[in-house]
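**Q** Following this line is my_file06.pdb, made up of PDB, C-alpha atoms and all ligand atoms:
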ATOM      1  CA  MET L1407       0.000   0.000   0.000
ATOM      2  CA  GLU L1408       1.355   3.422  -0.988
ATOM      3  CA  ASN L1409       1.339   6.399   1.297
ATOM      4  CA  LYS L1410      -2.014   7.976   0.737
ATOM      5  CA  ILE L1411      -3.595  11.307   1.432
ATOM      6  CA  ASN L1412      -6.361  10.989   3.970
ATOM      7  CA  ASN L1413      -8.893  13.292   2.289
ATOM      8  CA  ASN L1414     -10.694  14.199   5.455
ATOM      9  CA  LEU L1415      -7.703  15.155   7.538
ATOM     10  CA  LEU L1416      -5.528  18.238   7.579
ATOM     11  CA  VAL L1417      -2.416  18.613   9.707
ATOM     12  CA  CYS L1418      -0.953  21.782  11.260
ATOM     13  CA  LYS L1419       2.603  22.280   9.966
ATOM     14  CA  ALA L1420       3.504  24.168  13.143
ATOM     15  CA  CYS L1421       2.400  21.694  15.806
ATOM     16  CA  GLY L1422       1.223  18.495  14.089
ATOM     17  CA  TYR L1423      -2.386  18.796  15.281
ATOM     18  CA  LYS L1424      -4.782  16.925  12.958
ATOM     19  CA  THR L1425      -8.371  17.860  12.243
ATOM     20  CA  LYS L1426     -11.095  17.275   9.657
ATOM     21  CA  SER L1427     -11.213  20.076   7.058
ATOM     22  CA  LYS L1428     -14.867  20.815   7.835
ATOM     23  CA  ASN L1429     -13.991  21.405  11.487
ATOM     24  CA  LEU L1430     -11.149  23.839  10.838
ATOM     25  CA  ARG L1431     -11.826  27.448  11.855
ATOM     26  CA  ASN L1432      -9.524  30.437  11.304
ATOM     27  CA  VAL L1433      -6.730  29.311  13.585
ATOM     28  CA  CYS L1434      -5.194  26.046  14.793
ATOM     29  CA  PRO L1435      -7.167  25.077  17.906
ATOM     30  CA  ALA L1436      -4.021  23.566  19.447
ATOM     31  CA  CYS L1437      -1.260  26.138  18.838
ATOM     32  CA  GLY L1438      -3.151  29.141  17.423
ATOM     33  CA  VAL L1439      -1.332  29.673  14.095
ATOM     34  CA  ASP L1440      -3.345  30.816  11.045
ATOM     35  CA  LYS L1441      -5.269  28.119   9.160
ATOM     36  CA  LYS L1442      -2.985  28.591   6.110
ATOM     37  CA  PHE L1443      -0.443  26.470   8.014
ATOM     38  CA  PHE L1444      -2.696  23.426   7.570
ATOM     39  CA  ILE L1445      -1.810  20.983   4.772
ATOM     40  CA  PRO L1446      -3.480  17.700   3.699
ATOM     41  CA  PHE L1447      -2.425  14.901   6.017
ATOM     42  CA  THR L1448      -0.427  12.144   4.334
ATOM     43  CA  ASP L1449      -0.780   9.021   6.432
ATOM     44  CA  ASN L1450       2.162   6.639   6.330
ATOM     45  CA  ILE L1451       0.508   3.956   8.422
ATOM     46  CA  SER L1452      -2.205   1.491   7.441
ATOM     47  CA  HIS L1453      -5.891   2.197   7.900
ATOM     48  CA  ILE L1454      -6.299  -0.544  10.504
ATOM     49  CA  ARG L1455      -3.397   0.741  12.631
ATOM     50  CA  ARG L1456      -4.725   4.296  12.401
ATOM     51  CA  SER L1457      -8.236   3.110  13.392
ATOM     52  CA  ILE L1458      -6.914   1.310  16.487
ATOM     53  CA  LEU L1459      -4.873   4.335  17.580
ATOM     54  CA  GLU L1460      -7.803   6.703  16.999
ATOM     55  CA  LEU L1461      -9.794   4.818  19.674
ATOM     56  CA  HIS L1462      -7.365   6.156  22.324
ATOM     57  CA  MET L1463      -8.155   3.069  24.428
ATOM     58  CA  HIS L1464      -4.880   3.117  26.326
ATOM     59  CA  PRO L1465      -4.731   6.769  27.413
ATOM     60  CA  ILE L1466      -8.378   6.544  28.542
ATOM     61  CA  ALA L1467      -7.838   3.274  30.459
ATOM     62  CA  VAL L1468      -4.641   4.372  32.209
ATOM     63  CA  HIS L1469      -6.110   7.565  33.602
ATOM     64  CA  PHE L1470      -8.405   5.489  35.828
ATOM     65  CA  SER L1471      -5.570   3.524  37.421
ATOM     66  CA  VAL L1472      -3.423   6.641  37.919
ATOM     67  CA  ALA L1473      -6.318   8.530  39.535
ATOM     68  CA  MET L1474      -7.205   5.525  41.699
ATOM     69  CA  SER L1475      -3.678   4.992  43.026
ATOM     70  CA  VAL L1476      -3.422   8.660  44.044
ATOM     71  CA  PHE L1477      -6.961   8.641  45.465
ATOM     72  CA  LEU L1478      -6.218   5.490  47.490
ATOM     73  CA  PHE L1479      -3.161   7.145  49.030
ATOM     74  CA  LEU L1480      -5.248  10.191  49.978
ATOM     75  CA  THR L1481      -8.229   8.276  51.413
ATOM     76  CA  ILE L1482      -5.935   6.174  53.660
ATOM     77  CA  LEU L1483      -3.917   9.237  54.695
ATOM     78  CA  VAL L1484      -6.963  11.365  55.528
ATOM     79  CA  SER L1485      -8.633   8.471  57.389
ATOM     80  CA  LEU L1486      -5.678   8.488  59.818
ATOM     81  CA  PHE L1487      -6.370  12.098  60.798
ATOM     82  CA  THR L1488     -10.145  11.879  61.063
ATOM     83  CA  GLY L1489     -12.201   9.806  63.412
ATOM     84  CA  GLY L1490     -15.535   8.065  63.784
ATOM     85  CA  LYS L1491     -17.944   7.705  60.880
ATOM     86  CA  PHE L1492     -15.943   9.745  58.391
ATOM     87  CA  SER L1493     -12.831   7.664  58.987
ATOM     88  CA  ALA L1494     -14.875   4.456  58.612
ATOM     89  CA  PHE L1495     -16.373   5.826  55.390
ATOM     90  CA  LEU L1496     -12.913   6.587  53.975
ATOM     91  CA  GLN L1497     -11.711   3.101  54.932
ATOM     92  CA  SER L1498     -14.671   1.495  53.126
ATOM     93  CA  ALA L1499     -13.921   3.682  50.099
ATOM     94  CA  SER L1500     -10.242   2.610  50.249
ATOM     95  CA  ALA L1501     -11.280  -1.054  50.385
ATOM     96  CA  VAL L1502     -13.514  -0.635  47.300
ATOM     97  CA  ILE L1503     -10.783   1.208  45.374
ATOM     98  CA  SER L1504      -8.204  -1.448  46.289
ATOM     99  CA  ILE L1505     -10.466  -4.111  44.726
ATOM    100  CA  THR L1506     -11.025  -2.177  41.480
ATOM    101  CA  LEU L1507      -7.443  -0.885  41.047
ATOM    102  CA  PRO L1508      -5.887  -4.186  39.843
ATOM    103  CA  PHE L1509      -8.598  -4.546  37.157
ATOM    104  CA  PHE L1510      -7.870  -1.065  35.810
ATOM    105  CA  ILE L1511      -4.128  -1.764  35.804
ATOM    106  CA  ILE L1512      -4.824  -4.951  33.787
ATOM    107  CA  ALA L1513      -7.053  -2.916  31.421
ATOM    108  CA  GLY L1514      -4.187  -0.413  31.047
ATOM    109  CA  LEU L1515      -1.684  -3.204  30.396
ATOM    110  CA  VAL L1516      -3.834  -4.978  27.778
ATOM    111  CA  SER L1517      -4.852  -1.761  25.992
ATOM    112  CA  GLY L1518      -1.204  -0.642  26.153
ATOM    113  CA  ILE L1519      -0.016  -3.815  24.414
ATOM    114  CA  ILE L1520      -2.686  -3.395  21.690
ATOM    115  CA  ASP L1521      -1.782   0.299  21.299
ATOM    116  CA  GLY L1522       1.959  -0.492  21.325
ATOM    117  CA  VAL L1523       1.664  -3.124  18.585
ATOM    118  CA  ALA L1524      -0.492  -0.786  16.453
ATOM    119  CA  ARG L1525       1.971   2.060  17.030
ATOM    120  CA  PHE L1526       5.378   0.349  16.716
ATOM    121  CA  LYS L1527       4.359  -3.002  15.111
ATOM    122  CA  LYS L1528       6.096  -5.105  17.795
ATOM    123  CA  VAL L1529       6.029  -5.295  21.574
ATOM    124  CA  LYS L1530       9.759  -6.026  21.711
ATOM    125  CA  ARG L1531      10.848  -2.399  21.699
ATOM    126  CA  PRO L1532      12.972  -1.231  24.639
ATOM    127  CA  MET L1533      10.567   1.426  25.904
ATOM    128  CA  LEU L1534       7.478  -0.758  25.462
ATOM    129  CA  LEU L1535       9.187  -3.573  27.369
ATOM    130  CA  ASN L1536      10.109  -1.126  30.160
ATOM    131  CA  LYS L1537       6.471  -0.079  30.321
ATOM    132  CA  ILE L1538       5.321  -3.716  30.531
ATOM    133  CA  TYR L1539       7.791  -4.476  33.377
ATOM    134  CA  LEU L1540       6.800  -1.299  35.185
ATOM    135  CA  SER L1541       3.081  -2.049  34.875
ATOM    136  CA  ALA L1542       3.704  -5.616  36.113
ATOM    137  CA  GLY L1543       5.343  -4.026  39.191
ATOM    138  CA  PHE L1544       2.387  -1.638  39.510
ATOM    139  CA  LEU L1545      -0.003  -4.615  39.362
ATOM    140  CA  ILE L1546       1.937  -6.620  41.971
ATOM    141  CA  ILE L1547       1.966  -3.655  44.380
ATOM    142  CA  ALA L1548      -1.801  -3.178  43.859
ATOM    143  CA  ILE L1549      -2.447  -6.879  44.570
ATOM    144  CA  VAL L1550      -0.299  -6.698  47.744
ATOM    145  CA  ILE L1551      -2.294  -3.610  48.861
ATOM    146  CA  LEU L1552      -5.543  -5.498  48.183
ATOM    147  CA  ALA L1553      -4.324  -8.566  50.128
ATOM    148  CA  ILE L1554      -3.172  -6.504  53.135
ATOM    149  CA  ILE L1555      -6.514  -4.667  53.309
ATOM    150  CA  GLN L1556      -8.461  -7.947  53.009
ATOM    151  CA  ILE L1557      -6.375  -9.692  55.686
ATOM    152  CA  TYR L1558      -5.604  -6.931  58.204
ATOM    153  CA  GLY L1559      -8.045  -4.115  57.478
ATOM    154  CA  PHE L1560      -7.140  -0.677  58.809
ATOM    155  CA  ASP L1561      -7.111  -1.381  62.551
ATOM    156  CA  TYR L1562      -3.377  -1.023  63.172
ATOM    157  CA  LEU L1563      -1.363   2.126  62.584
ATOM    158  CA  TYR L1564       1.663   0.246  61.232
ATOM    159  CA  ILE L1565      -0.531  -1.510  58.657
ATOM    160  CA  ASN L1566      -1.822   1.898  57.527
ATOM    161  CA  ILE L1567       1.756   3.167  57.232
ATOM    162  CA  ILE L1568       2.781   0.126  55.158
ATOM    163  CA  LEU L1569      -0.278   0.737  52.943
ATOM    164  CA  LEU L1570       0.667   4.401  52.505
ATOM    165  CA  ILE L1571       4.216   3.458  51.468
ATOM    166  CA  LEU L1572       2.870   0.903  48.956
ATOM    167  CA  CYS L1573       0.335   3.409  47.587
ATOM    168  CA  PHE L1574       3.127   5.966  47.222
ATOM    169  CA  LEU L1575       5.230   3.396  45.309
ATOM    170  CA  SER L1576       2.251   2.551  43.080
ATOM    171  CA  ALA L1577       1.733   6.262  42.357
ATOM    172  CA  ILE L1578       5.441   6.506  41.383
ATOM    173  CA  CYS L1579       4.994   3.541  38.992
ATOM    174  CA  ALA L1580       1.921   5.250  37.527
ATOM    175  CA  THR L1581       3.812   8.530  37.082
ATOM    176  CA  LEU L1582       6.794   6.847  35.379
ATOM    177  CA  LEU L1583       4.408   4.912  33.114
ATOM    178  CA  GLY L1584       2.680   8.169  32.184
ATOM    179  CA  LYS L1585       6.011   9.846  31.443
ATOM    180  CA  LEU L1586       7.208   6.998  29.182
ATOM    181  CA  GLY L1587       3.776   6.880  27.527
ATOM    182  CA  GLY L1588       3.914  10.599  26.801
ATOM    183  CA  GLN L1589       7.327  10.223  25.138
ATOM    184  CA  LEU L1590       6.042   7.302  23.036
ATOM    185  CA  THR L1591       2.916   9.099  21.818
ATOM    186  CA  ASP L1592       5.154  11.974  20.618
ATOM    187  CA  ALA L1593       7.186   9.573  18.479
ATOM    188  CA  ILE L1594       6.826   9.419  14.694
ATOM    189  CA  LEU L1595       5.361   6.043  13.749
ATOM    190  CA  PRO L1596       7.077   3.452  11.535
ATOM    191  CA  GLY L1597       5.275   3.291   8.149
ATOM    192  CA  LYS L1598       2.475   1.124   6.692
TER     193      LYS L1598
HETATM  194 ZN    ZN L1601      -1.003  24.014  15.387
END
Rewrite the structure from the file as structure tokens, please.
Ligand SMILES: [Zn+2]
**A**
Amino acid sequence: MENKINNNLLVCKACGYKTKSKNLRNVCPACGVDKKFFIPFTDNISHIRRSILELHMHPIAVHFSVAMSVFLFLTILVSLFTGGKFSAFLQSASAVISITLPFFIIAGLVSGIIDGVARFKKVKRPMLLNKIYLSAGFLIIAIVILAIIQIYGFDYLYINIILLILCFLSAICATLLGKLGGQLTDAILPGK
């Protein structure tokens, strides 16, 4: 298949933002340059790969796990400084989040592998492999958090402190994953 012009899409020469020609107003909605900087977008990757990437499955899925790991840290932390019903409410919320977090990390991992293959054609690329190892670590930490909460609950201070440390580590994994992901989505894709 030859490189083909995607008739519907225009690309901003200044920033790379893509939009349908019918949606283009006077300026680039991303960087603000005049619309004369837009040229027809020549796609060098296949239709199927473009369609998969356009779903944005991975960035959508990962935002849940990142938000949840930070939220879990905060609910446990705040529950230590509050008492009575509110503290019990935060602990129940933490328990629910700890059950859902591993599923969202798995969703992020699976969608990331699909996205990675569509983007770079193979999983065996150094940065993609680093992301897979890092998300495996993220998943293991989340499962340990879940197990500790199921077994010990929140009754002991030292258990809460261990949970906070693990949540902090999981948030670091999530941040590093986001940083690597950002660098990968900026990359120019290998053709066809
Ligand atoms: Zn632009």
**Q** Record the distance separating atom CA of Ser1493 of chain L and atom CA of Phe1510 of chain L, expressed in Å with one decimal.
**A**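 Atom-to-atom, atom CA of Ser1493 of chain L to atom CA of Phe1510 of chain L, that is 25.3 Å.
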**Q** With the PyMOL selection byres (((chain L and resi 1595) around 9) and not hetatm) as the selection, what would be picked from this file? Answer as a count of residues only, please.
**A** 9
**Q** Any chance you could tabulate, as CSV, the residues of chain L at most 10 Å from ligand ZN 1601 (chain L) with each one's nearest atom pair and distance in Å to one decimal, using all atoms listed in the file, in chain and rising number order?
**A**
residue,atom,partner,partner_atom,distance
L:Val1417,CA,L:ZN1601,ZN,8.0
L:Cys1418,CA,L:ZN1601,ZN,4.7
L:Lys1419,CA,L:ZN1601,ZN,6.7
L:Ala1420,CA,L:ZN1601,ZN,5.0
L:Cys1421,CA,L:ZN1601,ZN,4.1
L:Gly1422,CA,L:ZN1601,ZN,6.1
L:Tyr1423,CA,L:ZN1601,ZN,5.4
L:Lys1424,CA,L:ZN1601,ZN,8.4
L:Val1433,CA,L:ZN1601,ZN,8.0
L:Cys1434,CA,L:ZN1601,ZN,4.7
L:Pro1435,CA,L:ZN1601,ZN,6.7
L:Ala1436,CA,L:ZN1601,ZN,5.1
L:Cys1437,CA,L:ZN1601,ZN,4.1
L:Gly1438,CA,L:ZN1601,ZN,5.9
L:Val1439,CA,L:ZN1601,ZN,5.8
L:Asp1440,CA,L:ZN1601,ZN,8.4
L:Lys1441,CA,L:ZN1601,ZN,8.6
L:Phe1443,CA,L:ZN1601,ZN,7.8
L:Phe1444,CA,L:ZN1601,ZN,8.0
**Q** Quick one: residues within 7 Å of segment 1519-1522 of chain L, all atoms listed in the file, excluding same-chain residues fewer than 6 positions away - as JSON, numbers by chain?
**A** {"L": [1459, 1464, 1529, 1534]}
**Q** Once the PyMOL selection byres (((chain L and resi 1425) around 6) and not hetatm) has been evaluated on this model, what residues remain selected, and can you format them as a list in words?
**A**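 Taken over the shown coordinates, the PyMOL selection byres (((chain L and resi 1425) around 6) and not hetatm) returns Leu1415, Leu1416, Lys1424 and Lys1426 of chain L.
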**Q** Calculated over only C-alpha atoms, which of the candidates L:Gly1518, L:Gly1588, L:Pro1508, L:Gly1489 has the smallest distance to Ser1576 of chain L?
**A**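 Closest candidate: L:Pro1508.
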